[in-house]
Each structure stands twice: as structure tokens, then as C-alpha cells.
Amino acid sequence: MFKPDYPLRTERLELRPHRMSDLDDLFAFHSMPEVVRYVPWPVRDREQTRVALEKKLSQGELTEEGQWLVLAIELRETGTVIGEVLLKWESEASRQGEIGFALHSDYQGKGLAAEAAREMLRVGFEELGLHRIVGVLDDRNTASAQLLERLGMRREAHFIDALVFKGEWTNEYVYALLEDDWRAAQG
């Protein structure tokens, strides 16, 4: 089993498992079409957000490969949950993972998603012992592509009509970062 020592602290954020008291903050951005456009869940009403939150309550630890660590991004200054950051433990044998994130639109463009994602990369490489972490995204999601590039991830693939996503064929970028490249950038 893998469970980080919570909360994970960055300059402006605390990353921690979700709590039921996060419902209002979560609903604030789960209900925004511009936030959920490129994430695998639809615009949610309050009840749908509550149901999703109940599932997230147990995603603060990893017990087997294939699971996602799903953490609330809390702005330390206000205690507001402004987004979520995720790390998938894809494979134990080949030490693979995947990163993801979603952020309330009022907080985008301030480096907060990058701050949260950088900490999750650190957890993946330094605590979980991953060798390679990928980010997979719709090729129209330029903000997320730029964020992954700022984190030092390189675009490795561009798949055309890779999957039907929210009712339409979409193209997909795959970005990746290797453990050695992460360590070199930190040193």
C-alpha cells in the first residue's frame, strides 16, 4: 500500500484526500463546462458531484496498480478547494504512472495547476518509485499541453482520431517524463 504523508504542502497549496465538506467547492468547478471540457466526466449538478465525491473519499491511497490517487487542491490562504490533481499507478513491474488535473477557471493562469502537478510528479518519482509518468490529453487542450511542457514533459505521440470522447472523435497527445530527467532537473 502507498499513502503519502498528508497534507502535501507546496508554496501556496495543500494537496490532500477529499472530505465530504469539499462538496460546495467541488460543485463550483465540476459544474463549469469550460473546466470539464477535456476531462472524462460531464458537467455535474450538485447531486452528481456528491456521488462523485463519495467515490473520491477512498482515493487517498494506492493498494494495487491501476488505481488513481485523487487529491483535492486546497488554496492554503483561504482553505478553498480550487481543483483536483491525480496520479495513476499504472504498472508496478514497469514503474509507469499517469498524471492529471482539473482547476476552477477563476484560478487558472496563476501557476497553481503547475505547482500541484509538480508536487505529484515528485510523489510519483521520489515516493512511489515510478520510472515514467505520462500525461494524456485532447490535442485542443493547449493550456494543459503548455503546462506539461513547462513541467519538463516531452510530447512523445500525437494520435489522430484516437478515441470517441464526449460524442466525437478526438486527437490525443501523449507527454512523458522519465525519472532520470526529473532528477536532473531537480539537481
# chains A, B, ... in the order shown; residues from 1 in each chain; ligands from 1
$ residues_around --residues "Ala114 in chain A" --least-positions-apart "6" --cutoff "12 Å" --atoms "only C-alpha atoms" --output "VMD selection string"
chain A and resid 10 to 13 73 83 to 85 99 to 103 107 to 108 120 to 121 143 to 153
$ residues_around --residues "Leu53 in chain A" --least-positions-apart "3" --cutoff "12 Å" --atoms "only C-alpha atoms" --output "MDAnalysis selection string"
chainID A and resid 17:27 30 44 46:50 56:59 70:72 84
$ select_by_dssp --residues "range 1-186 of chain A" --states "strand (DSSP E or B)" --output "compact mmCIF listing (two decimals) with all heavy atoms, in the first residue's frame"
# COMPACT_ATOMS: atom_id res chain seq x y z
N PHE A 2 0.43 2.27 -0.71
CA PHE A 2 1.14 3.54 -0.75
C PHE A 2 0.20 4.66 -0.32
O PHE A 2 -0.89 4.81 -0.88
CB PHE A 2 1.67 3.83 -2.15
CG PHE A 2 2.27 5.20 -2.28
CD1 PHE A 2 3.52 5.48 -1.74
CD2 PHE A 2 1.58 6.21 -2.91
CE1 PHE A 2 4.06 6.75 -1.83
CE2 PHE A 2 2.12 7.49 -3.01
CZ PHE A 2 3.37 7.75 -2.47
N LEU A 8 0.21 17.22 1.58
CA LEU A 8 1.40 17.56 0.81
C LEU A 8 1.37 19.08 0.66
O LEU A 8 0.37 19.64 0.22
CB LEU A 8 1.35 16.88 -0.57
CG LEU A 8 1.24 15.36 -0.55
CD1 LEU A 8 0.96 14.83 -1.95
CD2 LEU A 8 2.51 14.75 0.01
N ARG A 9 2.44 19.75 1.03
CA ARG A 9 2.47 21.21 1.02
C ARG A 9 3.39 21.74 -0.07
O ARG A 9 4.51 21.26 -0.22
CB ARG A 9 2.93 21.75 2.37
CG ARG A 9 2.01 21.42 3.51
CD ARG A 9 2.56 21.95 4.84
NE ARG A 9 1.89 21.36 5.97
CZ ARG A 9 0.79 21.85 6.51
NH1 ARG A 9 0.23 22.93 6.01
NH2 ARG A 9 0.22 21.24 7.54
N LEU A 13 -0.19 25.82 -1.74
CA LEU A 13 -1.24 24.81 -1.76
C LEU A 13 -1.04 23.72 -0.72
O LEU A 13 0.08 23.47 -0.28
CB LEU A 13 -1.28 24.13 -3.14
CG LEU A 13 -1.40 25.03 -4.36
CD1 LEU A 13 -1.20 24.23 -5.63
CD2 LEU A 13 -2.75 25.74 -4.35
N GLU A 14 -2.14 23.05 -0.40
CA GLU A 14 -2.11 21.78 0.31
C GLU A 14 -2.84 20.77 -0.57
O GLU A 14 -3.94 21.06 -1.06
CB GLU A 14 -2.78 21.86 1.68
CG GLU A 14 -1.94 22.60 2.67
CD GLU A 14 -2.40 22.44 4.11
OE1 GLU A 14 -3.44 21.78 4.36
OE2 GLU A 14 -1.72 22.99 4.99
N LEU A 15 -2.21 19.65 -0.81
CA LEU A 15 -2.82 18.54 -1.56
C LEU A 15 -3.16 17.48 -0.53
O LEU A 15 -2.30 17.07 0.25
CB LEU A 15 -1.86 18.00 -2.60
CG LEU A 15 -1.22 19.03 -3.54
CD1 LEU A 15 -0.29 18.34 -4.52
CD2 LEU A 15 -2.26 19.86 -4.26
N ARG A 16 -4.41 17.03 -0.56
CA ARG A 16 -4.88 16.10 0.48
C ARG A 16 -6.04 15.28 -0.06
O ARG A 16 -6.66 15.67 -1.05
CB ARG A 16 -5.30 16.89 1.71
CG ARG A 16 -6.39 17.91 1.38
CD ARG A 16 -7.20 18.30 2.58
NE ARG A 16 -8.16 19.33 2.28
CZ ARG A 16 -9.36 19.13 1.77
NH1 ARG A 16 -9.76 17.91 1.44
NH2 ARG A 16 -10.20 20.14 1.57
N PRO A 17 -6.35 14.16 0.62
CA PRO A 17 -7.54 13.41 0.22
C PRO A 17 -8.79 14.28 0.37
O PRO A 17 -8.84 15.18 1.21
CB PRO A 17 -7.57 12.23 1.20
CG PRO A 17 -6.15 12.09 1.66
CD PRO A 17 -5.61 13.49 1.69
N LEU A 62 -3.06 4.15 -2.49
CA LEU A 62 -2.99 3.16 -3.58
C LEU A 62 -2.73 1.80 -2.96
O LEU A 62 -1.78 1.64 -2.20
CB LEU A 62 -1.86 3.53 -4.55
CG LEU A 62 -1.98 4.89 -5.23
CD1 LEU A 62 -0.69 5.21 -5.98
CD2 LEU A 62 -3.17 4.91 -6.18
N TRP A 68 -5.99 5.22 -9.12
CA TRP A 68 -5.65 6.65 -9.15
C TRP A 68 -5.61 7.21 -7.73
O TRP A 68 -6.51 6.94 -6.93
CB TRP A 68 -6.72 7.42 -9.92
CG TRP A 68 -6.70 7.24 -11.39
CD1 TRP A 68 -7.37 6.30 -12.13
CD2 TRP A 68 -6.00 8.05 -12.35
NE1 TRP A 68 -7.13 6.47 -13.47
CE2 TRP A 68 -6.30 7.54 -13.63
CE3 TRP A 68 -5.16 9.16 -12.24
CZ2 TRP A 68 -5.77 8.10 -14.79
CZ3 TRP A 68 -4.64 9.72 -13.40
CH2 TRP A 68 -4.94 9.19 -14.66
N LEU A 69 -4.58 7.99 -7.45
CA LEU A 69 -4.53 8.83 -6.26
C LEU A 69 -5.21 10.13 -6.67
O LEU A 69 -4.77 10.78 -7.63
CB LEU A 69 -3.05 9.08 -5.91
CG LEU A 69 -2.67 9.57 -4.54
CD1 LEU A 69 -3.10 8.57 -3.47
CD2 LEU A 69 -1.16 9.78 -4.48
N VAL A 70 -6.32 10.49 -6.03
CA VAL A 70 -7.10 11.67 -6.41
C VAL A 70 -7.13 12.62 -5.23
O VAL A 70 -7.73 12.31 -4.19
CB VAL A 70 -8.54 11.28 -6.82
CG1 VAL A 70 -9.33 12.51 -7.23
CG2 VAL A 70 -8.51 10.26 -7.95
N LEU A 71 -6.46 13.77 -5.38
CA LEU A 71 -6.31 14.69 -4.25
C LEU A 71 -6.96 16.04 -4.53
O LEU A 71 -6.93 16.54 -5.65
CB LEU A 71 -4.83 14.90 -3.94
CG LEU A 71 -4.03 13.64 -3.64
CD1 LEU A 71 -2.59 14.00 -3.32
CD2 LEU A 71 -4.66 12.83 -2.51
N ALA A 72 -7.50 16.62 -3.47
CA ALA A 72 -8.03 17.98 -3.53
C ALA A 72 -6.85 18.95 -3.55
O ALA A 72 -5.86 18.75 -2.84
CB ALA A 72 -8.91 18.25 -2.30
N ILE A 73 -6.97 20.00 -4.37
CA ILE A 73 -6.01 21.10 -4.37
C ILE A 73 -6.64 22.21 -3.54
O ILE A 73 -7.62 22.82 -3.95
CB ILE A 73 -5.72 21.62 -5.79
CG1 ILE A 73 -5.18 20.51 -6.69
CG2 ILE A 73 -4.76 22.80 -5.75
CD1 ILE A 73 -5.05 20.91 -8.16
N GLU A 74 -6.10 22.43 -2.36
CA GLU A 74 -6.64 23.44 -1.45
C GLU A 74 -5.72 24.65 -1.43
O GLU A 74 -4.51 24.51 -1.23
CB GLU A 74 -6.78 22.85 -0.05
CG GLU A 74 -7.37 23.80 0.96
CD GLU A 74 -7.51 23.17 2.33
OE1 GLU A 74 -8.16 22.10 2.44
OE2 GLU A 74 -6.98 23.75 3.30
N LEU A 75 -6.29 25.82 -1.67
CA LEU A 75 -5.53 27.07 -1.59
C LEU A 75 -5.33 27.37 -0.11
O LEU A 75 -6.31 27.62 0.62
CB LEU A 75 -6.30 28.18 -2.30
CG LEU A 75 -5.57 29.49 -2.55
CD1 LEU A 75 -4.32 29.26 -3.41
CD2 LEU A 75 -6.50 30.48 -3.23
N THR A 80 -9.92 27.06 0.46
CA THR A 80 -10.84 26.70 -0.61
C THR A 80 -10.25 25.61 -1.49
O THR A 80 -9.07 25.69 -1.86
CB THR A 80 -11.13 27.94 -1.51
OG1 THR A 80 -11.59 29.00 -0.68
CG2 THR A 80 -12.16 27.63 -2.57
N VAL A 81 -11.06 24.60 -1.82
CA VAL A 81 -10.63 23.58 -2.78
C VAL A 81 -10.87 24.16 -4.17
O VAL A 81 -11.99 24.45 -4.55
CB VAL A 81 -11.38 22.25 -2.58
CG1 VAL A 81 -11.02 21.26 -3.68
CG2 VAL A 81 -11.04 21.66 -1.21
N ILE A 82 -9.77 24.34 -4.91
CA ILE A 82 -9.83 25.01 -6.22
C ILE A 82 -9.64 24.04 -7.38
O ILE A 82 -9.72 24.44 -8.53
CB ILE A 82 -8.80 26.14 -6.31
CG1 ILE A 82 -7.38 25.60 -6.14
CG2 ILE A 82 -9.10 27.22 -5.26
CD1 ILE A 82 -6.27 26.58 -6.49
N GLY A 83 -9.39 22.77 -7.08
CA GLY A 83 -9.18 21.81 -8.14
C GLY A 83 -8.83 20.45 -7.60
O GLY A 83 -8.93 20.19 -6.39
N GLU A 84 -8.41 19.59 -8.53
CA GLU A 84 -8.01 18.24 -8.19
C GLU A 84 -6.76 17.88 -8.99
O GLU A 84 -6.59 18.34 -10.12
CB GLU A 84 -9.11 17.24 -8.56
CG GLU A 84 -10.39 17.47 -7.81
CD GLU A 84 -11.50 16.57 -8.30
OE1 GLU A 84 -12.15 16.91 -9.30
OE2 GLU A 84 -11.70 15.52 -7.66
N VAL A 85 -5.90 17.07 -8.39
CA VAL A 85 -4.73 16.56 -9.09
C VAL A 85 -4.70 15.06 -8.87
O VAL A 85 -5.07 14.57 -7.80
CB VAL A 85 -3.44 17.28 -8.61
CG1 VAL A 85 -3.15 17.02 -7.16
CG2 VAL A 85 -2.25 16.95 -9.49
N LEU A 86 -4.29 14.33 -9.92
CA LEU A 86 -4.38 12.88 -9.91
C LEU A 86 -3.07 12.24 -10.33
O LEU A 86 -2.35 12.79 -11.17
CB LEU A 86 -5.46 12.40 -10.89
CG LEU A 86 -6.88 12.93 -10.71
CD1 LEU A 86 -7.05 14.27 -11.37
CD2 LEU A 86 -7.87 11.95 -11.28
N LEU A 87 -2.79 11.09 -9.76
CA LEU A 87 -1.63 10.29 -10.16
C LEU A 87 -2.07 8.84 -10.22
O LEU A 87 -2.54 8.28 -9.22
CB LEU A 87 -0.48 10.46 -9.16
CG LEU A 87 0.79 9.67 -9.47
CD1 LEU A 87 1.46 10.18 -10.74
CD2 LEU A 87 1.76 9.73 -8.30
N LYS A 88 -1.93 8.25 -11.40
CA LYS A 88 -2.30 6.84 -11.57
C LYS A 88 -1.05 5.97 -11.43
O LYS A 88 0.01 6.27 -11.99
CB LYS A 88 -2.91 6.61 -12.96
CG LYS A 88 -3.41 5.20 -13.18
CD LYS A 88 -4.06 5.04 -14.54
CE LYS A 88 -4.72 3.68 -14.70
NZ LYS A 88 -5.31 3.54 -16.04
N TRP A 89 -1.21 4.89 -10.68
CA TRP A 89 -0.17 3.86 -10.57
C TRP A 89 -0.51 2.83 -11.64
O TRP A 89 -1.28 1.91 -11.42
CB TRP A 89 -0.20 3.26 -9.18
CG TRP A 89 0.86 2.24 -8.90
CD1 TRP A 89 2.06 2.08 -9.52
CD2 TRP A 89 0.79 1.23 -7.89
NE1 TRP A 89 2.75 1.04 -8.96
CE2 TRP A 89 1.99 0.50 -7.96
CE3 TRP A 89 -0.16 0.88 -6.95
CZ2 TRP A 89 2.26 -0.57 -7.11
CZ3 TRP A 89 0.11 -0.18 -6.10
CH2 TRP A 89 1.32 -0.90 -6.18
N GLU A 90 0.04 3.03 -12.82
CA GLU A 90 -0.31 2.21 -13.99
C GLU A 90 0.25 0.79 -13.90
O GLU A 90 -0.43 -0.17 -14.17
CB GLU A 90 0.18 2.89 -15.27
CG GLU A 90 -0.20 2.20 -16.54
CD GLU A 90 -1.70 2.27 -16.82
OE1 GLU A 90 -2.28 3.35 -16.70
OE2 GLU A 90 -2.28 1.22 -17.16
N SER A 91 1.54 0.69 -13.55
CA SER A 91 2.18 -0.62 -13.55
C SER A 91 3.30 -0.67 -12.53
O SER A 91 4.18 0.19 -12.52
CB SER A 91 2.75 -0.93 -14.94
OG SER A 91 3.63 -2.03 -14.89
N GLN A 96 5.30 2.53 -14.20
CA GLN A 96 4.65 3.55 -15.03
C GLN A 96 3.53 4.24 -14.27
O GLN A 96 2.85 3.61 -13.46
CB GLN A 96 4.06 2.90 -16.29
CG GLN A 96 5.04 2.08 -17.11
CD GLN A 96 6.04 2.94 -17.84
OE1 GLN A 96 5.68 3.86 -18.55
NE2 GLN A 96 7.31 2.64 -17.67
N GLY A 97 3.33 5.52 -14.59
CA GLY A 97 2.25 6.28 -13.98
C GLY A 97 1.67 7.27 -14.97
O GLY A 97 2.17 7.44 -16.09
N GLU A 98 0.59 7.93 -14.55
CA GLU A 98 -0.05 8.96 -15.37
C GLU A 98 -0.52 10.08 -14.45
O GLU A 98 -0.99 9.83 -13.35
CB GLU A 98 -1.24 8.37 -16.13
CG GLU A 98 -1.94 9.37 -17.03
CD GLU A 98 -3.10 8.77 -17.82
OE1 GLU A 98 -3.16 7.52 -17.95
OE2 GLU A 98 -3.94 9.54 -18.30
N ILE A 99 -0.41 11.31 -14.93
CA ILE A 99 -0.82 12.47 -14.15
C ILE A 99 -2.02 13.14 -14.80
O ILE A 99 -2.21 13.06 -16.02
CB ILE A 99 0.36 13.47 -14.00
CG1 ILE A 99 0.04 14.52 -12.95
CG2 ILE A 99 0.74 14.08 -15.33
CD1 ILE A 99 1.26 15.29 -12.49
N GLY A 100 -2.85 13.77 -13.98
CA GLY A 100 -3.99 14.52 -14.48
C GLY A 100 -4.35 15.63 -13.50
O GLY A 100 -3.91 15.61 -12.35
N PHE A 101 -5.14 16.58 -13.96
CA PHE A 101 -5.52 17.72 -13.11
C PHE A 101 -6.73 18.42 -13.69
O PHE A 101 -7.01 18.33 -14.89
CB PHE A 101 -4.36 18.72 -12.98
CG PHE A 101 -3.62 18.96 -14.27
CD1 PHE A 101 -4.08 19.87 -15.21
CD2 PHE A 101 -2.47 18.25 -14.55
CE1 PHE A 101 -3.42 20.06 -16.41
CE2 PHE A 101 -1.78 18.44 -15.75
CZ PHE A 101 -2.27 19.35 -16.68
N ALA A 102 -7.46 19.12 -12.83
CA ALA A 102 -8.57 19.99 -13.22
C ALA A 102 -8.58 21.14 -12.22
O ALA A 102 -8.39 20.92 -11.02
CB ALA A 102 -9.90 19.24 -13.18
N LEU A 103 -8.81 22.35 -12.72
CA LEU A 103 -8.74 23.53 -11.87
C LEU A 103 -9.88 24.48 -12.18
O LEU A 103 -10.19 24.72 -13.36
CB LEU A 103 -7.40 24.24 -12.11
CG LEU A 103 -6.93 25.21 -11.05
CD1 LEU A 103 -6.54 24.47 -9.77
CD2 LEU A 103 -5.72 26.00 -11.55
N ARG A 132 8.51 6.32 -15.19
CA ARG A 132 7.98 7.14 -16.29
C ARG A 132 6.56 7.55 -15.94
O ARG A 132 5.76 6.72 -15.50
CB ARG A 132 7.99 6.31 -17.57
CG ARG A 132 7.50 7.01 -18.81
CD ARG A 132 7.75 6.08 -20.03
NE ARG A 132 7.38 6.72 -21.27
CZ ARG A 132 6.17 6.62 -21.82
NH1 ARG A 132 5.23 5.89 -21.25
NH2 ARG A 132 5.91 7.23 -22.96
N ILE A 133 6.27 8.84 -16.11
CA ILE A 133 4.92 9.36 -15.89
C ILE A 133 4.46 10.05 -17.16
O ILE A 133 5.20 10.87 -17.73
CB ILE A 133 4.87 10.33 -14.69
CG1 ILE A 133 5.29 9.61 -13.40
CG2 ILE A 133 3.47 10.95 -14.55
CD1 ILE A 133 5.40 10.52 -12.18
N VAL A 134 3.27 9.71 -17.61
CA VAL A 134 2.71 10.31 -18.81
C VAL A 134 1.57 11.25 -18.47
O VAL A 134 0.97 11.16 -17.40
CB VAL A 134 2.21 9.25 -19.83
CG1 VAL A 134 3.34 8.32 -20.26
CG2 VAL A 134 1.04 8.46 -19.28
N GLY A 135 1.29 12.14 -19.41
CA GLY A 135 0.10 12.97 -19.40
C GLY A 135 -0.57 12.77 -20.74
O GLY A 135 0.08 12.91 -21.78
N VAL A 136 -1.85 12.41 -20.75
CA VAL A 136 -2.58 12.14 -21.99
C VAL A 136 -3.69 13.17 -22.09
O VAL A 136 -4.46 13.36 -21.15
CB VAL A 136 -3.18 10.71 -21.97
CG1 VAL A 136 -3.93 10.43 -23.25
CG2 VAL A 136 -2.07 9.67 -21.74
N LEU A 137 -3.76 13.87 -23.25
CA LEU A 137 -4.75 14.92 -23.37
C LEU A 137 -5.24 15.11 -24.78
O LEU A 137 -4.58 14.73 -25.74
CB LEU A 137 -4.19 16.24 -22.82
CG LEU A 137 -2.95 16.79 -23.51
CD1 LEU A 137 -3.00 18.30 -23.53
CD2 LEU A 137 -1.73 16.36 -22.74
N ASP A 138 -6.41 15.71 -24.88
CA ASP A 138 -7.00 16.12 -26.15
C ASP A 138 -6.07 17.16 -26.77
O ASP A 138 -5.61 18.08 -26.07
CB ASP A 138 -8.38 16.73 -25.86
CG ASP A 138 -9.18 17.05 -27.11
OD1 ASP A 138 -8.66 17.77 -27.98
OD2 ASP A 138 -10.35 16.61 -27.18
N ARG A 154 7.95 15.84 -22.32
CA ARG A 154 8.12 15.95 -23.78
C ARG A 154 6.96 15.24 -24.48
O ARG A 154 6.48 14.20 -24.02
CB ARG A 154 9.47 15.39 -24.20
CG ARG A 154 9.48 13.92 -24.54
CD ARG A 154 10.88 13.39 -24.86
NE ARG A 154 11.08 12.21 -24.04
CZ ARG A 154 11.66 12.21 -22.85
NH1 ARG A 154 12.15 13.28 -22.34
NH2 ARG A 154 11.76 11.09 -22.17
N ARG A 155 6.54 15.83 -25.61
CA ARG A 155 5.48 15.20 -26.39
C ARG A 155 6.09 14.02 -27.13
O ARG A 155 7.02 14.17 -27.90
CB ARG A 155 4.88 16.20 -27.38
CG ARG A 155 3.66 15.65 -28.09
CD ARG A 155 3.09 16.57 -29.13
NE ARG A 155 2.85 17.90 -28.61
CZ ARG A 155 2.68 18.97 -29.38
NH1 ARG A 155 2.71 18.86 -30.69
NH2 ARG A 155 2.48 20.15 -28.85
N GLU A 156 5.53 12.85 -26.89
CA GLU A 156 6.05 11.63 -27.50
C GLU A 156 5.16 11.11 -28.61
O GLU A 156 5.61 10.35 -29.46
CB GLU A 156 6.19 10.52 -26.45
CG GLU A 156 7.28 10.78 -25.43
CD GLU A 156 7.49 9.60 -24.51
OE1 GLU A 156 6.58 8.75 -24.36
OE2 GLU A 156 8.59 9.51 -23.92
N ALA A 157 3.88 11.48 -28.58
CA ALA A 157 2.96 10.92 -29.57
C ALA A 157 1.81 11.88 -29.85
O ALA A 157 1.42 12.67 -28.99
CB ALA A 157 2.40 9.58 -29.09
N HIS A 158 1.30 11.78 -31.08
CA HIS A 158 0.10 12.50 -31.49
C HIS A 158 -0.76 11.50 -32.25
O HIS A 158 -0.44 11.14 -33.37
CB HIS A 158 0.47 13.70 -32.37
CG HIS A 158 -0.69 14.59 -32.68
ND1 HIS A 158 -0.65 15.49 -33.72
CD2 HIS A 158 -1.91 14.73 -32.12
CE1 HIS A 158 -1.80 16.15 -33.77
NE2 HIS A 158 -2.58 15.70 -32.80
N PHE A 159 -1.82 11.04 -31.60
CA PHE A 159 -2.70 10.05 -32.19
C PHE A 159 -3.92 10.74 -32.79
O PHE A 159 -4.57 11.54 -32.12
CB PHE A 159 -3.14 9.03 -31.14
CG PHE A 159 -1.99 8.23 -30.58
CD1 PHE A 159 -1.54 8.44 -29.28
CD2 PHE A 159 -1.36 7.27 -31.35
CE1 PHE A 159 -0.49 7.71 -28.76
CE2 PHE A 159 -0.31 6.53 -30.83
CZ PHE A 159 0.13 6.76 -29.55
N ILE A 160 -4.24 10.41 -34.03
CA ILE A 160 -5.35 11.02 -34.75
C ILE A 160 -6.60 10.15 -34.61
O ILE A 160 -6.53 8.93 -34.77
CB ILE A 160 -4.98 11.22 -36.24
CG1 ILE A 160 -3.65 11.98 -36.37
CG2 ILE A 160 -6.11 11.92 -37.00
CD1 ILE A 160 -3.60 13.34 -35.70
N ASP A 161 -7.73 10.79 -34.34
CA ASP A 161 -8.99 10.07 -34.10
C ASP A 161 -8.76 8.88 -33.16
O ASP A 161 -9.18 7.75 -33.42
CB ASP A 161 -9.62 9.58 -35.41
CG ASP A 161 -10.32 10.69 -36.17
OD1 ASP A 161 -10.42 11.82 -35.65
OD2 ASP A 161 -10.78 10.43 -37.29
N ALA A 162 -8.11 9.16 -32.06
CA ALA A 162 -7.67 8.11 -31.14
C ALA A 162 -8.82 7.49 -30.34
O ALA A 162 -8.77 6.32 -29.99
CB ALA A 162 -6.63 8.66 -30.19
N LEU A 163 -9.83 8.30 -30.05
CA LEU A 163 -10.96 7.77 -29.29
C LEU A 163 -12.17 8.67 -29.45
O LEU A 163 -12.05 9.83 -29.82
CB LEU A 163 -10.61 7.63 -27.80
CG LEU A 163 -10.44 8.90 -26.98
CD1 LEU A 163 -10.72 8.59 -25.52
CD2 LEU A 163 -9.03 9.44 -27.10
N VAL A 164 -13.31 8.08 -29.18
CA VAL A 164 -14.54 8.87 -29.14
C VAL A 164 -14.64 9.41 -27.72
O VAL A 164 -14.68 8.64 -26.76
CB VAL A 164 -15.78 8.02 -29.50
CG1 VAL A 164 -17.05 8.85 -29.34
CG2 VAL A 164 -15.66 7.49 -30.91
N PHE A 165 -14.63 10.73 -27.61
CA PHE A 165 -14.65 11.40 -26.31
C PHE A 165 -15.79 12.40 -26.31
O PHE A 165 -15.82 13.30 -27.15
CB PHE A 165 -13.30 12.08 -26.07
CG PHE A 165 -13.17 12.73 -24.72
CD1 PHE A 165 -13.00 11.96 -23.58
CD2 PHE A 165 -13.22 14.11 -24.59
CE1 PHE A 165 -12.87 12.55 -22.34
CE2 PHE A 165 -13.09 14.71 -23.35
CZ PHE A 165 -12.92 13.92 -22.22
N GLU A 168 -17.54 12.64 -29.82
CA GLU A 168 -16.84 12.99 -31.06
C GLU A 168 -15.46 12.35 -31.09
O GLU A 168 -14.87 12.08 -30.06
CB GLU A 168 -16.73 14.52 -31.21
CG GLU A 168 -15.88 15.18 -30.14
CD GLU A 168 -15.80 16.69 -30.27
OE1 GLU A 168 -15.79 17.20 -31.40
OE2 GLU A 168 -15.74 17.35 -29.24
N TRP A 169 -14.98 12.10 -32.32
CA TRP A 169 -13.61 11.59 -32.47
C TRP A 169 -12.65 12.70 -32.07
O TRP A 169 -12.81 13.85 -32.47
CB TRP A 169 -13.35 11.17 -33.92
CG TRP A 169 -13.99 9.86 -34.25
CD1 TRP A 169 -15.11 9.66 -34.98
CD2 TRP A 169 -13.53 8.58 -33.83
NE1 TRP A 169 -15.41 8.33 -35.04
CE2 TRP A 169 -14.44 7.64 -34.34
CE3 TRP A 169 -12.46 8.13 -33.07
CZ2 TRP A 169 -14.31 6.28 -34.13
CZ3 TRP A 169 -12.32 6.77 -32.86
CH2 TRP A 169 -13.24 5.85 -33.39
N THR A 170 -11.66 12.33 -31.27
CA THR A 170 -10.68 13.33 -30.83
C THR A 170 -9.26 12.83 -31.05
O THR A 170 -9.00 11.63 -31.05
CB THR A 170 -10.87 13.68 -29.34
OG1 THR A 170 -10.75 12.50 -28.56
CG2 THR A 170 -12.22 14.32 -29.08
N ASN A 171 -8.37 13.78 -31.24
CA ASN A 171 -6.95 13.52 -31.35
C ASN A 171 -6.34 13.62 -29.96
O ASN A 171 -6.82 14.37 -29.11
CB ASN A 171 -6.27 14.53 -32.28
CG ASN A 171 -6.88 14.54 -33.66
OD1 ASN A 171 -7.44 13.55 -34.12
ND2 ASN A 171 -6.78 15.68 -34.32
N GLU A 172 -5.24 12.89 -29.76
CA GLU A 172 -4.67 12.79 -28.43
C GLU A 172 -3.17 13.03 -28.47
O GLU A 172 -2.48 12.51 -29.35
CB GLU A 172 -4.95 11.36 -27.96
CG GLU A 172 -4.82 11.08 -26.52
CD GLU A 172 -5.31 9.67 -26.21
OE1 GLU A 172 -4.63 8.70 -26.59
OE2 GLU A 172 -6.36 9.56 -25.60
N TYR A 173 -2.68 13.82 -27.53
CA TYR A 173 -1.24 13.97 -27.31
C TYR A 173 -0.87 13.10 -26.11
O TYR A 173 -1.62 13.01 -25.14
CB TYR A 173 -0.87 15.40 -26.94
CG TYR A 173 -0.82 16.39 -28.07
CD1 TYR A 173 -1.16 17.73 -27.83
CD2 TYR A 173 -0.41 16.04 -29.35
CE1 TYR A 173 -1.11 18.67 -28.84
CE2 TYR A 173 -0.35 16.98 -30.37
CZ TYR A 173 -0.70 18.30 -30.11
OH TYR A 173 -0.65 19.23 -31.10
N VAL A 174 0.32 12.51 -26.18
CA VAL A 174 0.89 11.82 -25.03
C VAL A 174 2.22 12.51 -24.71
O VAL A 174 3.10 12.60 -25.58
CB VAL A 174 1.12 10.32 -25.29
CG1 VAL A 174 1.80 9.66 -24.09
CG2 VAL A 174 -0.20 9.62 -25.61
N TYR A 175 2.31 13.01 -23.50
CA TYR A 175 3.54 13.60 -22.98
C TYR A 175 4.13 12.63 -21.96
O TYR A 175 3.40 11.86 -21.35
CB TYR A 175 3.24 14.93 -22.28
CG TYR A 175 3.03 16.08 -23.22
CD1 TYR A 175 1.81 16.28 -23.85
CD2 TYR A 175 4.07 16.97 -23.50
CE1 TYR A 175 1.62 17.34 -24.73
CE2 TYR A 175 3.88 18.04 -24.36
CZ TYR A 175 2.66 18.22 -24.98
OH TYR A 175 2.48 19.27 -25.84
N ALA A 176 5.44 12.70 -21.76
CA ALA A 176 6.06 11.83 -20.76
C ALA A 176 7.27 12.49 -20.15
O ALA A 176 7.91 13.37 -20.75
CB ALA A 176 6.47 10.49 -21.40
N LEU A 177 7.56 12.05 -18.94
CA LEU A 177 8.76 12.47 -18.22
C LEU A 177 9.36 11.23 -17.58
O LEU A 177 8.63 10.41 -16.99
CB LEU A 177 8.39 13.50 -17.14
CG LEU A 177 9.53 14.13 -16.35
CD1 LEU A 177 10.46 14.92 -17.26
CD2 LEU A 177 8.97 15.04 -15.25
N LEU A 178 10.67 11.09 -17.72
CA LEU A 178 11.39 9.96 -17.13
C LEU A 178 12.00 10.38 -15.79
O LEU A 178 12.35 11.54 -15.59
CB LEU A 178 12.48 9.47 -18.06
CG LEU A 178 12.03 8.95 -19.42
CD1 LEU A 178 13.23 8.57 -20.27
CD2 LEU A 178 11.08 7.76 -19.26
$ select_by_dssp --residues "range 110-183 of chain A" --states "helix (DSSP H, G or I)" --output "MDAnalysis selection string"
chainID A and resid 112:127 142:150 179:183
$ atom_distance --atom1 "CA of Gly60 in chain A" --atom2 "CA of Lys3 in chain A"
6.8 Å
$ atom_distance --atom1 "CA of Leu128 in chain A" --atom2 "CA of Arg95 in chain A"
8.7 Å
$ atom_distance --atom1 "CA of Ala28 in chain A" --atom2 "CA of Pro40 in chain A"
17.2 Å
$ closest_residue --among "A:Ser105, A:Asn141, A:Met1, A:Ala113" --to "Glu92 in chain A" --atoms "only C-alpha atoms"
A:Met1
